[in-house]
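Have a look at run-v1.cif; it's mmCIF, N, CA and C atoms and all ligand atoms:
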data_data
loop_
_atom_site.label_atom_id
_atom_site.label_comp_id
_atom_site.auth_asym_id
_atom_site.auth_seq_id
_atom_site.Cartn_x
_atom_site.Cartn_y
_atom_site.Cartn_z
N MET A 1197 13.20 -0.03 -46.86
CA MET A 1197 14.56 -0.56 -46.96
C MET A 1197 15.27 -0.39 -45.61
N GLN A 1198 15.93 -1.43 -45.22
CA GLN A 1198 16.56 -1.37 -43.91
C GLN A 1198 18.07 -1.44 -44.05
N THR A 1199 18.72 -0.62 -43.28
CA THR A 1199 20.18 -0.62 -43.30
C THR A 1199 20.70 -0.98 -41.91
N SER A 1200 21.87 -1.58 -41.90
CA SER A 1200 22.43 -1.98 -40.61
C SER A 1200 23.16 -0.82 -39.95
N ALA A 1201 23.33 0.26 -40.68
CA ALA A 1201 24.02 1.42 -40.11
C ALA A 1201 23.20 1.98 -38.96
N GLY A 1202 23.86 2.36 -37.91
CA GLY A 1202 23.15 2.93 -36.79
C GLY A 1202 22.79 1.91 -35.73
N ILE A 1203 22.92 0.64 -36.09
CA ILE A 1203 22.63 -0.38 -35.09
C ILE A 1203 23.90 -0.68 -34.31
N ARG A 1204 23.75 -0.67 -33.02
CA ARG A 1204 24.90 -0.95 -32.17
C ARG A 1204 24.61 -2.18 -31.33
N HIS A 1205 25.67 -2.79 -30.88
CA HIS A 1205 25.54 -4.00 -30.08
C HIS A 1205 26.17 -3.77 -28.73
N LEU A 1206 25.62 -4.46 -27.77
CA LEU A 1206 26.07 -4.27 -26.40
C LEU A 1206 26.14 -5.64 -25.73
N ALA A 1207 27.21 -5.89 -25.02
CA ALA A 1207 27.33 -7.16 -24.32
C ALA A 1207 28.16 -6.97 -23.06
N ASP A 1208 27.85 -7.77 -22.06
CA ASP A 1208 28.64 -7.72 -20.84
C ASP A 1208 29.99 -8.39 -21.08
N VAL A 1209 31.01 -7.84 -20.48
CA VAL A 1209 32.35 -8.41 -20.58
C VAL A 1209 32.65 -9.14 -19.28
N ARG A 1210 32.85 -10.44 -19.39
CA ARG A 1210 33.07 -11.24 -18.18
C ARG A 1210 34.43 -11.91 -18.22
N CYS A 1211 35.04 -12.01 -17.06
CA CYS A 1211 36.37 -12.61 -16.97
C CYS A 1211 36.27 -14.13 -16.95
N VAL A 1212 37.16 -14.76 -17.70
CA VAL A 1212 37.18 -16.23 -17.75
C VAL A 1212 37.64 -16.80 -16.42
N HIS A 1213 38.58 -16.11 -15.78
CA HIS A 1213 39.19 -16.63 -14.57
C HIS A 1213 38.36 -16.41 -13.31
N CYS A 1214 37.97 -15.17 -13.07
CA CYS A 1214 37.31 -14.88 -11.80
C CYS A 1214 35.81 -14.61 -11.97
N ALA A 1215 35.32 -14.65 -13.21
CA ALA A 1215 33.89 -14.52 -13.50
C ALA A 1215 33.29 -13.16 -13.14
N ARG A 1216 34.14 -12.19 -12.92
CA ARG A 1216 33.62 -10.84 -12.68
C ARG A 1216 33.15 -10.22 -13.99
N VAL A 1217 32.14 -9.38 -13.90
CA VAL A 1217 31.77 -8.57 -15.06
C VAL A 1217 32.61 -7.30 -14.98
N ALA A 1218 33.52 -7.17 -15.93
CA ALA A 1218 34.43 -6.02 -15.90
C ALA A 1218 33.77 -4.76 -16.42
N GLY A 1219 32.75 -4.93 -17.24
CA GLY A 1219 32.08 -3.77 -17.82
C GLY A 1219 31.27 -4.20 -19.02
N GLN A 1220 31.07 -3.28 -19.94
CA GLN A 1220 30.30 -3.59 -21.13
C GLN A 1220 31.07 -3.23 -22.38
N TRP A 1221 30.85 -4.01 -23.39
CA TRP A 1221 31.50 -3.77 -24.67
C TRP A 1221 30.43 -3.33 -25.65
N GLU A 1222 30.68 -2.24 -26.32
CA GLU A 1222 29.72 -1.72 -27.27
C GLU A 1222 30.39 -1.53 -28.61
N TRP A 1223 29.71 -1.98 -29.65
CA TRP A 1223 30.31 -1.80 -30.98
C TRP A 1223 29.23 -1.60 -32.02
N ALA A 1224 29.62 -1.00 -33.12
CA ALA A 1224 28.69 -0.72 -34.21
C ALA A 1224 28.78 -1.84 -35.24
N THR A 1225 27.65 -2.09 -35.88
CA THR A 1225 27.60 -3.14 -36.88
C THR A 1225 28.61 -2.91 -38.00
N ASP A 1226 28.79 -1.65 -38.35
CA ASP A 1226 29.67 -1.35 -39.48
C ASP A 1226 31.11 -1.06 -39.06
N ALA A 1227 31.43 -1.30 -37.79
CA ALA A 1227 32.80 -1.09 -37.34
C ALA A 1227 33.66 -2.30 -37.74
N PRO A 1228 34.96 -2.08 -37.90
CA PRO A 1228 35.85 -3.21 -38.21
C PRO A 1228 35.75 -4.25 -37.10
N GLU A 1229 35.94 -5.50 -37.45
CA GLU A 1229 35.76 -6.57 -36.47
C GLU A 1229 36.64 -6.38 -35.24
N GLY A 1230 36.04 -6.49 -34.09
CA GLY A 1230 36.78 -6.38 -32.85
C GLY A 1230 36.93 -4.96 -32.32
N HIS A 1231 36.53 -3.99 -33.11
CA HIS A 1231 36.68 -2.61 -32.68
C HIS A 1231 35.40 -2.12 -32.00
N GLY A 1232 35.57 -1.43 -30.90
CA GLY A 1232 34.41 -0.93 -30.20
C GLY A 1232 34.82 -0.09 -29.02
N THR A 1233 33.90 0.04 -28.09
CA THR A 1233 34.16 0.86 -26.91
C THR A 1233 33.91 0.04 -25.66
N PHE A 1234 34.87 0.07 -24.76
CA PHE A 1234 34.71 -0.61 -23.49
C PHE A 1234 34.22 0.39 -22.46
N ARG A 1235 33.14 0.02 -21.79
CA ARG A 1235 32.58 0.91 -20.77
C ARG A 1235 32.74 0.21 -19.43
N ALA A 1236 33.59 0.74 -18.62
CA ALA A 1236 33.86 0.12 -17.32
C ALA A 1236 32.71 0.35 -16.36
N GLY A 1237 32.74 -0.38 -15.28
CA GLY A 1237 31.68 -0.29 -14.29
C GLY A 1237 31.54 1.10 -13.69
N ASP A 1238 32.64 1.84 -13.66
CA ASP A 1238 32.57 3.18 -13.08
C ASP A 1238 32.18 4.24 -14.10
N GLY A 1239 31.84 3.79 -15.33
CA GLY A 1239 31.37 4.73 -16.33
C GLY A 1239 32.44 5.22 -17.29
N ALA A 1240 33.67 4.89 -17.02
CA ALA A 1240 34.76 5.32 -17.90
C ALA A 1240 34.67 4.57 -19.23
N GLU A 1241 34.86 5.29 -20.31
CA GLU A 1241 34.79 4.67 -21.63
C GLU A 1241 36.15 4.68 -22.28
N GLN A 1242 36.42 3.61 -23.02
CA GLN A 1242 37.69 3.54 -23.72
C GLN A 1242 37.51 2.80 -25.03
N ALA A 1243 37.83 3.50 -26.11
CA ALA A 1243 37.74 2.86 -27.42
C ALA A 1243 38.96 1.96 -27.60
N GLY A 1244 38.73 0.83 -28.23
CA GLY A 1244 39.86 -0.08 -28.41
C GLY A 1244 39.47 -1.31 -29.19
N VAL A 1245 40.26 -2.36 -28.96
CA VAL A 1245 40.06 -3.61 -29.66
C VAL A 1245 39.70 -4.68 -28.63
N LEU A 1246 38.71 -5.46 -28.97
CA LEU A 1246 38.15 -6.43 -28.03
C LEU A 1246 39.18 -7.37 -27.44
N TRP A 1247 40.04 -7.92 -28.28
CA TRP A 1247 40.96 -8.92 -27.77
C TRP A 1247 42.12 -8.35 -26.99
N ARG A 1248 42.11 -7.04 -26.79
CA ARG A 1248 43.14 -6.45 -25.92
C ARG A 1248 42.61 -6.28 -24.50
N LEU A 1249 41.32 -6.50 -24.35
CA LEU A 1249 40.71 -6.29 -23.03
C LEU A 1249 41.19 -7.35 -22.06
N ARG A 1250 41.41 -6.91 -20.83
CA ARG A 1250 41.80 -7.83 -19.76
C ARG A 1250 40.97 -7.50 -18.53
N CYS A 1251 40.79 -8.48 -17.71
CA CYS A 1251 40.08 -8.28 -16.46
C CYS A 1251 40.86 -7.30 -15.59
N SER A 1252 40.16 -6.31 -15.04
CA SER A 1252 40.86 -5.31 -14.23
C SER A 1252 41.21 -5.86 -12.86
N ALA A 1253 40.56 -6.95 -12.48
CA ALA A 1253 40.81 -7.51 -11.16
C ALA A 1253 41.97 -8.49 -11.16
N CYS A 1254 42.00 -9.41 -12.12
CA CYS A 1254 43.02 -10.44 -12.09
C CYS A 1254 43.87 -10.49 -13.36
N GLY A 1255 43.52 -9.66 -14.34
CA GLY A 1255 44.32 -9.62 -15.56
C GLY A 1255 44.04 -10.77 -16.51
N GLY A 1256 43.01 -11.54 -16.23
CA GLY A 1256 42.68 -12.69 -17.06
C GLY A 1256 41.97 -12.30 -18.34
N PRO A 1257 41.87 -13.24 -19.25
CA PRO A 1257 41.16 -12.99 -20.51
C PRO A 1257 39.67 -12.84 -20.26
N VAL A 1258 38.99 -12.16 -21.15
CA VAL A 1258 37.56 -11.92 -20.98
C VAL A 1258 36.78 -12.43 -22.19
N TYR A 1259 35.50 -12.61 -21.99
CA TYR A 1259 34.64 -12.99 -23.11
C TYR A 1259 33.35 -12.20 -23.01
N LEU A 1260 32.60 -12.20 -24.09
CA LEU A 1260 31.36 -11.44 -24.13
C LEU A 1260 30.19 -12.34 -23.75
N GLU A 1261 29.35 -11.80 -22.91
CA GLU A 1261 28.13 -12.52 -22.57
C GLU A 1261 27.03 -12.13 -23.55
N GLU A 1262 25.83 -12.55 -23.26
CA GLU A 1262 24.71 -12.35 -24.18
C GLU A 1262 24.70 -10.96 -24.80
N GLU A 1263 24.63 -10.97 -26.11
CA GLU A 1263 24.69 -9.73 -26.86
C GLU A 1263 23.29 -9.24 -27.14
N ARG A 1264 23.13 -7.93 -27.13
CA ARG A 1264 21.85 -7.38 -27.51
C ARG A 1264 22.07 -6.21 -28.46
N SER A 1265 21.18 -6.10 -29.40
CA SER A 1265 21.30 -5.03 -30.39
C SER A 1265 20.48 -3.84 -29.96
N ILE A 1266 21.02 -2.67 -30.16
CA ILE A 1266 20.27 -1.47 -29.84
C ILE A 1266 20.34 -0.52 -31.02
N HIS A 1267 19.28 0.18 -31.25
CA HIS A 1267 19.28 1.16 -32.32
C HIS A 1267 19.72 2.49 -31.76
N ALA A 1268 20.39 3.24 -32.59
CA ALA A 1268 20.91 4.53 -32.14
C ALA A 1268 19.79 5.42 -31.62
N GLN A 1269 18.62 5.25 -32.19
CA GLN A 1269 17.50 6.10 -31.79
C GLN A 1269 17.00 5.75 -30.39
N GLU A 1270 17.24 4.53 -29.99
CA GLU A 1270 16.73 4.12 -28.69
C GLU A 1270 17.86 3.68 -27.76
N MET A 1271 18.84 4.54 -27.68
CA MET A 1271 19.95 4.27 -26.77
C MET A 1271 19.42 4.19 -25.34
N PRO A 1272 19.86 3.18 -24.64
CA PRO A 1272 19.40 3.05 -23.26
C PRO A 1272 19.95 4.16 -22.38
N ASP A 1273 19.23 4.45 -21.36
CA ASP A 1273 19.67 5.46 -20.42
C ASP A 1273 20.64 4.79 -19.44
N PHE A 1274 21.86 5.26 -19.45
CA PHE A 1274 22.86 4.62 -18.61
C PHE A 1274 22.86 5.18 -17.18
N GLY A 1275 21.76 5.76 -16.81
CA GLY A 1275 21.68 6.26 -15.45
C GLY A 1275 22.06 7.72 -15.36
N PRO A 1276 21.72 8.31 -14.28
CA PRO A 1276 22.00 9.74 -14.12
C PRO A 1276 23.49 10.01 -14.08
N MET A 1277 23.89 11.03 -14.78
CA MET A 1277 25.29 11.44 -14.74
C MET A 1277 25.51 12.19 -13.44
N ARG A 1278 26.45 11.72 -12.70
CA ARG A 1278 26.69 12.38 -11.44
C ARG A 1278 27.78 13.43 -11.59
N ARG A 1279 27.32 14.57 -11.99
CA ARG A 1279 28.28 15.65 -12.16
C ARG A 1279 28.44 16.43 -10.86
N GLY A 1280 29.52 17.15 -10.79
CA GLY A 1280 29.75 18.00 -9.64
C GLY A 1280 29.92 17.21 -8.35
N ARG A 1281 30.48 16.02 -8.49
CA ARG A 1281 30.67 15.20 -7.30
C ARG A 1281 32.12 14.79 -7.23
N LYS A 1282 32.96 15.79 -7.24
CA LYS A 1282 34.39 15.50 -7.24
C LYS A 1282 34.89 15.29 -5.82
N PRO A 1283 35.71 14.28 -5.67
CA PRO A 1283 36.28 14.04 -4.33
C PRO A 1283 37.26 15.16 -3.96
N ARG A 1284 37.23 15.49 -2.72
CA ARG A 1284 38.14 16.54 -2.28
C ARG A 1284 39.50 15.93 -1.99
N GLN A 1285 40.43 16.24 -2.80
CA GLN A 1285 41.76 15.68 -2.61
C GLN A 1285 42.82 16.76 -2.73
N ARG A 1286 42.60 17.79 -1.98
CA ARG A 1286 43.58 18.88 -2.03
C ARG A 1286 44.32 18.91 -0.73
N VAL A 1287 45.34 18.14 -0.67
CA VAL A 1287 46.15 18.13 0.54
C VAL A 1287 47.45 18.88 0.27
N GLY A 1288 47.77 19.80 1.10
CA GLY A 1288 48.98 20.60 0.92
C GLY A 1288 48.70 21.66 -0.10
ZN ZN B 1301 39.35 -11.70 -13.49
#
Show me this structure written as C-alpha cells.
Amino acid sequence: MQTSAGIRHLADVRCVHCARVAGQWEWATDAPEGHGTFRAGDGAEQAGVLWRLRCSACGGPVYLEEERSIHAQEMPDFGPMRRGRKPRQRVG
C-alpha cells in the first residue's frame, strides 16, 4: 500500500519579468495548497505561501518551473553546509 505522505515536491522559482531563478520552492503533498518553503539561492529558508513570493531582484511575479517529486527518505544533498564562515563585521 502506498501513501502520498512523506513525498515532497521541489521546483525552481523563476521570475516572469527578468527570468532569474530566485530559488526553489518545496512543498509536501499533504500540505494545504500553496503552502511550502522557499529556499533562496543563498540557502536561507522561509516557510510561506507560494503566491506571496516575489522576485528578489525586480519584485516581479514568479512561477514554478519543472517540478520533481522527492521522497523524504531520499532527500537530495543540498551541498556542504558552510559553517564557521562568518564575515568579520566588527567595526567599532
Ligand atoms: Zn525579476
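Between atom N of Leu1246 in chain A and atom N of Glu1229 in chain A lies a distance of 8.9 Å.
Residues in contact with ligand ZN 1301 (chain B) comprise Arg1210, Cys1211, Val1212, His1213, Cys1214, Ala1215, Arg1216, Val1217, Ala1218, Arg1250, Cys1251, Ser1252, Ala1253, Cys1254, Gly1255, Gly1256, Pro1257 and Val1258 of chain A, where contact means an atom-to-atom distance of at most 9 Å counting only C-alpha atoms and all ligand atoms.
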Centre, x/y/z edge lengths, axis-aligned box for range 1202-1218 of chain A with 8 Å per side, as lines of an AutoDock Vina configuration file:
center_x = 30.9
center_y = -6.9
center_z = -24.9
size_x = 32.6
size_y = 35.7
size_z = 42.1
Practice prompt. Please identify which residues in range 1213-1247 of chain A DSSP calls strand (DSSP E or B) from the backbone, and express them as a PyMOL selection string.
Written response: chain A and resi 1217-1224+1231-1236+1241-1245
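Counting from CA of Val1209 in chain A, the distance to CA of Phe1234 in chain A is 8.7 Å.
Atom to atom, atom C of Gly1237 in chain A and atom N of Ile1203 in chain A stand 24.0 Å apart.
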Fill in: Best match for closeness to Asp1226 in chain A among A:Arg1264, A:Arg1204, A:Tyr1259, A:Leu1249, counting only C-alpha atoms
A:Arg1204
Discussion item. For a quick check of understanding, using only N, CA and C atoms, which of A:Arg1284, A:Ala1240, A:Arg1248, A:Ser1265 has the smallest distance to His1205 in chain A?
Written reply: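 Of all the options, A:Ser1265 lies closest to His1205 in chain A.
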Response to the item:
If you count all atoms listed in the file, the residue of A:Gln1242, A:Gly1230, A:Arg1235, A:Ile1266 closest to Gly1202 in chain A turns out to be A:Ile1266
Worksheet item: Using all atoms listed in the file, which residue out of A:Ala1207, A:Glu1222, A:Glu1263, A:His1231 lies closest to Trp1247 in chain A?
Response: A:His1231
